[in-house]
file work15.cif (mmCIF, C-alpha atoms)
data_work
#
loop_
_atom_site.label_atom_id
_atom_site.label_comp_id
_atom_site.auth_asym_id
_atom_site.auth_seq_id
_atom_site.Cartn_x
_atom_site.Cartn_y
_atom_site.Cartn_z
CA GLU E 742 -51.41 42.77 93.61
CA VAL E 743 -53.99 41.76 96.21
CA PRO E 744 -52.80 39.15 98.78
CA TRP E 745 -55.48 36.55 98.16
CA LYS E 746 -55.59 33.22 99.92
CA PRO E 747 -55.66 30.02 97.82
CA SER E 748 -59.10 29.23 96.38
CA SER E 749 -60.37 32.67 97.38
CA ILE E 750 -62.90 34.42 95.19
CA LYS E 751 -63.08 38.16 94.62
CA GLU E 752 -66.18 39.66 93.05
CA TRP E 753 -66.73 43.10 91.55
CA ARG E 754 -70.02 44.60 90.45
CA GLY E 755 -70.40 47.45 88.00
CA PRO E 756 -71.84 50.81 89.12
CA ASP E 757 -75.34 49.77 88.08
CA GLU E 758 -74.73 46.14 89.12
CA SER E 759 -75.37 45.03 85.53
CA VAL E 760 -71.98 43.30 85.28
CA TRP E 761 -70.34 40.96 87.80
CA LEU E 762 -66.69 39.92 87.55
CA GLY E 763 -65.46 36.98 89.59
CA ILE E 764 -61.75 36.19 89.95
CA GLY E 765 -60.51 33.08 91.79
CA ILE E 766 -57.02 31.79 92.57
CA HIS E 767 -56.88 27.98 92.75
CA GLY E 768 -53.38 26.59 93.25
CA GLU E 769 -51.55 27.12 89.95
CA HIS E 770 -54.58 28.50 88.11
CA ILE E 771 -56.69 31.64 87.95
CA THR E 772 -60.36 31.57 87.01
CA TYR E 773 -62.21 34.50 85.48
CA GLN E 774 -65.96 34.79 85.02
CA ARG E 775 -68.12 37.63 83.75
CA HIS E 776 -71.85 37.68 84.39
CA VAL E 777 -74.39 40.11 82.95
CA LEU E 778 -77.67 40.75 84.73
CA GLY E 779 -80.82 40.48 82.67
CA PRO E 780 -83.85 42.80 82.84
CA MET E 781 -85.87 43.13 86.02
CA VAL E 782 -88.51 40.37 86.24
CA LYS E 783 -90.77 40.20 89.30
CA GLY E 784 -88.34 42.27 91.30
CA GLU E 785 -85.30 40.16 90.39
CA ARG E 786 -82.51 40.38 87.84
CA LYS E 787 -80.98 37.00 87.03
CA PRO E 788 -77.30 36.82 86.00
CA SER E 789 -76.14 35.05 82.85
CA LEU E 790 -72.59 33.74 82.47
CA VAL E 791 -71.17 35.27 79.28
CA GLU E 792 -67.43 34.71 79.72
CA ASP E 793 -65.57 31.95 81.57
CA LYS E 794 -61.81 31.36 81.27
CA ILE E 795 -58.92 29.73 83.11
CA PHE E 796 -55.37 31.14 83.06
CA ASP E 797 -52.02 30.10 84.47
CA HIS E 798 -50.03 32.54 86.62
CA GLY E 799 -48.12 33.70 83.56
CA GLY E 800 -51.32 34.97 81.98
CA SER E 801 -51.63 32.25 79.35
CA GLN E 802 -55.19 31.06 78.77
CA ILE E 803 -55.62 27.34 79.46
CA SER E 804 -59.26 26.79 78.69
CA GLU E 805 -62.59 28.49 78.14
CA GLY E 806 -66.16 27.61 78.99
CA LYS E 807 -65.44 25.16 81.81
CA ASN E 808 -67.68 27.00 84.30
CA VAL E 809 -65.44 26.20 87.28
CA PHE E 810 -67.14 26.29 90.68
CA THR E 811 -64.39 25.01 92.97
CA THR E 812 -61.10 23.15 92.76
CA SER E 813 -59.16 20.41 94.51
CA LEU E 814 -56.56 21.24 97.16
CA THR E 815 -53.68 22.14 94.84
CA GLY E 816 -55.94 23.42 92.06
CA ARG E 817 -55.20 20.56 89.68
CA PHE E 818 -58.84 19.45 89.31
CA ALA E 819 -61.90 21.65 88.98
CA LYS E 820 -65.56 20.92 89.55
CA SER E 821 -67.45 22.05 86.48
CA VAL E 822 -70.94 21.50 85.09
CA GLY E 823 -71.41 17.75 84.87
CA SER E 824 -67.74 16.82 85.12
CA VAL E 825 -64.36 17.06 86.85
CA VAL E 826 -61.72 18.79 84.71
CA ASP E 827 -57.96 18.20 84.90
CA LEU E 828 -56.74 21.77 84.45
CA ALA E 829 -53.24 20.58 83.51
CA SER E 830 -54.35 18.47 80.55
CA GLY E 831 -57.85 19.80 79.86
CA GLU E 832 -59.27 16.27 80.10
CA ALA E 833 -62.56 15.73 81.92
CA HIS E 834 -64.55 12.83 83.29
CA SER E 835 -68.30 12.91 83.72
CA ASN E 836 -69.92 12.85 87.15
CA HIS E 837 -72.91 10.99 85.62
CA GLY E 838 -75.34 13.37 87.32
CA GLY E 839 -73.82 12.92 90.77
CA SER E 840 -72.28 15.33 93.26
CA ILE E 841 -68.52 15.85 93.50
CA LEU E 842 -66.58 16.10 96.75
CA PHE E 843 -62.89 17.04 96.86
CA SER E 844 -60.69 15.82 99.70
CA ARG E 845 -59.47 18.40 102.22
CA TYR E 846 -56.01 16.77 102.23
CA ASP E 847 -55.02 16.11 98.60
CA ASP E 848 -56.42 16.12 95.06
CA SER E 849 -58.49 12.94 95.43
CA HIS E 850 -62.27 13.17 95.07
CA VAL E 851 -65.45 11.14 95.06
CA VAL E 852 -68.65 11.18 93.01
CA TYR E 853 -71.84 10.30 94.88
CA PHE E 854 -75.58 10.50 94.28
CA PRO E 855 -77.78 12.34 96.81
CA GLY E 856 -81.54 12.30 96.27
CA THR E 857 -81.47 9.70 93.51
CA GLY E 858 -81.82 6.39 95.34
CA ARG E 859 -78.37 5.40 94.13
CA GLY E 860 -76.12 4.37 97.01
CA ASP E 861 -72.90 3.98 95.03
CA ILE E 862 -69.72 5.99 95.39
CA GLU E 863 -66.90 6.38 92.86
CA TYR E 864 -63.43 7.20 94.20
CA PHE E 865 -60.68 8.93 92.16
CA ASP E 866 -57.10 9.31 93.40
CA SER E 867 -54.90 12.44 93.31
CA ASP E 868 -53.93 11.67 89.70
CA GLY E 869 -57.57 11.53 88.61
CA ARG E 870 -57.60 7.75 88.12
CA ALA E 871 -60.77 5.85 89.02
CA ARG E 872 -59.82 3.49 91.85
CA TRP E 873 -63.09 1.92 92.94
CA SER E 874 -66.86 2.05 92.82
CA ALA E 875 -68.91 0.60 95.68
CA SER E 876 -72.17 0.99 97.57
CA LEU E 877 -73.46 0.89 101.14
CA GLY E 878 -76.80 -0.42 99.87
CA ASP E 879 -80.09 0.84 98.47
CA GLY E 880 -80.72 4.50 99.17
CA SER E 881 -79.43 7.99 98.45
CA THR E 882 -75.84 8.72 99.46
CA ARG E 883 -75.02 11.90 101.35
CA ASN E 884 -72.55 13.41 103.80
CA VAL E 885 -69.50 11.77 102.26
CA VAL E 886 -66.11 12.45 103.91
CA ILE E 887 -62.64 11.39 102.70
CA ALA E 888 -60.00 10.53 105.32
CA PRO E 889 -56.41 11.87 105.03
CA GLY E 890 -54.59 9.99 102.27
CA GLY E 891 -57.80 8.38 101.04
CA GLN E 892 -57.33 5.43 103.38
CA TYR E 893 -61.03 5.55 104.31
CA VAL E 894 -64.24 7.05 102.96
CA TYR E 895 -67.25 7.66 105.20
CA ALA E 896 -70.78 7.81 103.78
CA ALA E 897 -74.36 7.96 104.99
CA ILE E 898 -77.38 6.63 103.08
CA GLY E 899 -81.11 6.93 103.54
CA ASN E 900 -83.88 5.02 101.78
CA ALA E 901 -87.59 5.42 101.08
CA GLN E 902 -88.47 3.45 104.23
CA PHE E 903 -86.88 6.19 106.36
CA GLN E 904 -84.02 3.89 107.29
CA GLU E 905 -80.61 5.49 107.54
CA PHE E 906 -77.16 3.93 107.79
CA ILE E 907 -73.60 5.12 108.15
CA GLY E 908 -70.55 3.16 107.08
CA VAL E 909 -66.89 3.22 106.10
CA PHE E 910 -65.06 1.99 102.98
CA ASP E 911 -61.36 1.13 102.97
CA ALA E 912 -58.82 2.16 100.31
CA SER E 913 -59.97 -0.64 97.99
CA GLY E 914 -63.69 0.19 98.25
CA ARG E 915 -64.51 -2.69 100.61
CA VAL E 916 -67.22 -1.90 103.20
CA LEU E 917 -65.53 -2.25 106.59
CA TRP E 918 -68.69 -1.72 108.62
CA LYS E 919 -72.21 -0.35 108.42
CA VAL E 920 -74.60 0.53 111.26
CA PRO E 921 -78.19 1.81 111.40
CA VAL E 922 -78.72 5.23 112.98
CA SER E 923 -81.67 7.45 113.86
CA VAL E 924 -83.18 9.52 111.07
CA GLY E 925 -81.31 12.75 110.54
CA ILE E 926 -77.61 12.49 109.65
CA TYR E 927 -75.34 15.47 110.03
CA PRO E 928 -71.63 16.20 109.49
CA ALA E 929 -68.76 13.81 110.20
CA ALA E 930 -64.98 14.13 110.50
CA PHE E 931 -61.98 11.82 110.56
CA SER E 932 -59.10 12.42 112.95
CA GLN E 933 -55.88 13.60 111.31
CA ASP E 934 -54.38 10.11 111.49
CA GLY E 935 -57.60 8.46 110.26
CA ARG E 936 -57.92 6.25 113.35
CA TYR E 937 -61.14 7.82 114.61
CA LEU E 938 -64.41 9.00 113.10
CA ALA E 939 -66.80 11.44 114.72
CA VAL E 940 -70.41 11.51 113.48
CA VAL E 941 -73.42 13.63 114.43
CA THR E 942 -76.94 12.26 114.10
CA ARG E 943 -80.13 13.99 115.18
CA SER E 944 -79.98 12.68 118.73
CA THR E 945 -76.39 11.54 119.34
CA ASN E 946 -72.71 12.40 118.94
CA TRP E 947 -70.79 9.24 118.03
CA LEU E 948 -67.08 8.47 118.14
CA PHE E 949 -65.99 5.32 116.28
CA GLU E 950 -62.74 3.46 115.80
CA THR E 951 -62.53 3.78 112.02
CA ALA E 952 -61.11 0.37 111.11
CA THR E 953 -63.51 -1.70 113.23
CA GLY E 954 -66.62 0.43 113.77
CA GLN E 955 -66.28 0.00 117.54
CA VAL E 956 -68.21 2.71 119.41
CA LEU E 957 -65.74 4.54 121.65
CA ALA E 958 -68.11 7.27 122.82
CA LYS E 959 -71.81 8.05 122.55
CA VAL E 960 -73.00 11.44 123.80
CA PRO E 961 -76.57 12.85 123.65
CA MET E 962 -76.84 15.59 121.07
CA PRO E 963 -77.72 19.09 122.36
CA LYS E 964 -80.26 21.07 120.38
CA VAL E 965 -77.51 23.09 118.73
CA PHE E 966 -76.22 21.83 115.40
CA GLY E 967 -72.78 22.42 113.93
CA ASP E 968 -69.85 20.81 112.16
CA GLU E 969 -67.67 18.01 113.51
CA LYS E 970 -63.92 18.74 113.58
CA THR E 971 -60.92 17.09 115.16
CA SER E 972 -57.77 18.65 116.64
CA PRO E 973 -54.43 18.36 114.76
CA HIS E 974 -53.17 15.69 117.16
CA SER E 975 -56.45 13.72 117.10
CA SER E 976 -56.91 14.14 120.85
CA LYS E 977 -60.13 16.19 120.79
CA VAL E 978 -63.37 16.41 118.81
#
call {"tool": "encode", "arguments": {"input": "work15.cif", "output": "structure tokens"}}
result
Amino acid sequence: EVPWKPSSIKEWRGPDESVWLGIGIHGEHITYQRHVLGPMVKGERKPSLVEDKIFDHGGSQISEGKNVFTTSLTGRFAKSVGSVVDLASGEAHSNHGGSILFSRYDDSHVVYFPGTGRGDIEYFDSDGRARWSASLGDGSTRNVVIAPGGQYVYAAIGNAQFQEFIGVFDASGRVLWKVPVSVGIYPAAFSQDGRYLAVVTRSTNWLFETATGQVLAKVPMPKVFGDEKTSPHSSKV
């Protein structure tokens, strides 16, 4: 009866805060989690997950024990412990110890490996099918961004020699371009039509033509950090 937004989470705590209930609405599915707080240890009570279920909007239970943290845009896929779960079929594929990033535009997602020295990225389409696996080179992958429709994937890598690179893959996993940047890579964003890519590094704001890597603008970075975003008509960053 509460007008929740998609993917919103509501949390209730018992009178003594010994029980936490978390309810989330994710597209066509509802997640329910119950946590119980343990005894006080060094001034802190740690919660333990004791119940974890997924329901459809009719109240039928779909699965249990998936430990869902977040879902894809329509709620079809869920990020769980060590895997991505198709909530419609219950099937899951392992993330092989990597991080999972869902697209902001559809149900596609990537698996990448920050902090491991592995520079590879695995891309899955909106139906959950593995489409490609590729790498920018040796180093740990981070700050991955998926363009609208999955036509491009941006990634940044850093290696043990304190060298950092940014680059773009096309829809087949081919590296279109790769450039070295100063140490310290921050958020990036594609324009709504995918033609442009804005990237923040420690010292510079960059604007690239996505397909070619041509630098269209290069602006010194102020000492205020934030997220990169583009306007709906791709006219402003």
call {"tool": "residues_around", "arguments": {"input": "work15.cif", "residues": "Ser824 in chain E", "least_positions_apart": "5", "cutoff": "10 Å", "atoms": "all atoms listed in the file", "output": "ChimeraX atom specification"}}
result
/E:807,809,819,832-841,852
call {"tool": "atom_distance", "arguments": {"input": "work15.cif", "atom1": "CA of Tyr773 in chain E", "atom2": "CA of Ser830 in chain E"}}
result
18.5 Å
call {"tool": "resolve_selection", "arguments": {"input": "work15.cif", "expression": "the PyMOL selection byres ((chain E and resi 894) around 8)", "output": "ChimeraX atom specification"}}
result
/E:885-888,891-893,895-896,909-912
call {"tool": "residues_around", "arguments": {"input": "work15.cif", "residues": "range 949-956 of chain E", "least_positions_apart": "4", "cutoff": "6 Å", "atoms": "all atoms listed in the file", "output": "compact mmCIF listing (two decimals) with C-alpha atoms, in the frame of the given file"}}
result
# COMPACT_ATOMS: atom_id res chain seq x y z
CA TRP E 918 -68.69 -1.72 108.62
CA ARG E 936 -57.92 6.25 113.35
CA TYR E 937 -61.14 7.82 114.61
CA LEU E 938 -64.41 9.00 113.10
call {"tool": "closest_residue", "arguments": {"input": "work15.cif", "among": "E:Val960, E:Gly860, E:Phe931, E:Gly908", "to": "Arg943 in chain E", "atoms": "only C-alpha atoms"}}
result
E:Val960
call {"tool": "closest_residue", "arguments": {"input": "work15.cif", "among": "E:Arg870, E:Ser801, E:Gly899, E:Ser789", "to": "Asp827 in chain E", "atoms": "all atoms listed in the file"}}
result
E:Arg870
call {"tool": "resolve_selection", "arguments": {"input": "work15.cif", "expression": "the PyMOL selection byres ((chain E and resi 855) around 9)", "output": "list in words"}}
result
Gly839, Ser840, Tyr853, Phe854, Gly856, Thr857, Gly858, Arg859, Gly860, Gly880, Ser881, Thr882, Arg883, Asn884 and Ile898 of chain E
call {"tool": "atom_distance", "arguments": {"input": "work15.cif", "atom1": "CA of Gly823 in chain E", "atom2": "CA of Phe906 in chain E"}}
result
27.4 Å
call {"tool": "axis_aligned_box", "arguments": {"input": "work15.cif", "around": "range 949-957 of chain E", "padding_each_side": "4 Å", "output": "AutoDock Vina command-line options"}}
result
--center_x -64.7 --center_y 1.8 --center_z 116.4 --size_x 15.1 --size_y 15.0 --size_z 18.5
call {"tool": "atom_distance", "arguments": {"input": "work15.cif", "atom1": "CA of Val826 in chain E", "atom2": "CA of Gln933 in chain E"}}
result
27.7 Å
call {"tool": "resolve_selection", "arguments": {"input": "work15.cif", "expression": "the PyMOL selection byres ((chain E and resi 851) around 7)", "output": "compact mmCIF listing (two decimals) with C-alpha atoms, keeping the file's coordinate frame"}}
result
# COMPACT_ATOMS: atom_id res chain seq x y z
CA ILE E 841 -68.52 15.85 93.50
CA LEU E 842 -66.58 16.10 96.75
CA PHE E 843 -62.89 17.04 96.86
CA HIS E 850 -62.27 13.17 95.07
CA VAL E 852 -68.65 11.18 93.01
CA TYR E 853 -71.84 10.30 94.88
CA ILE E 862 -69.72 5.99 95.39
CA GLU E 863 -66.90 6.38 92.86
CA TYR E 864 -63.43 7.20 94.20
CA PHE E 865 -60.68 8.93 92.16
call {"tool": "closest_residue", "arguments": {"input": "work15.cif", "among": "E:Asp868, E:Pro961, E:Asp934, E:Pro928", "to": "Asn946 in chain E", "atoms": "all atoms listed in the file"}}
result
E:Pro961
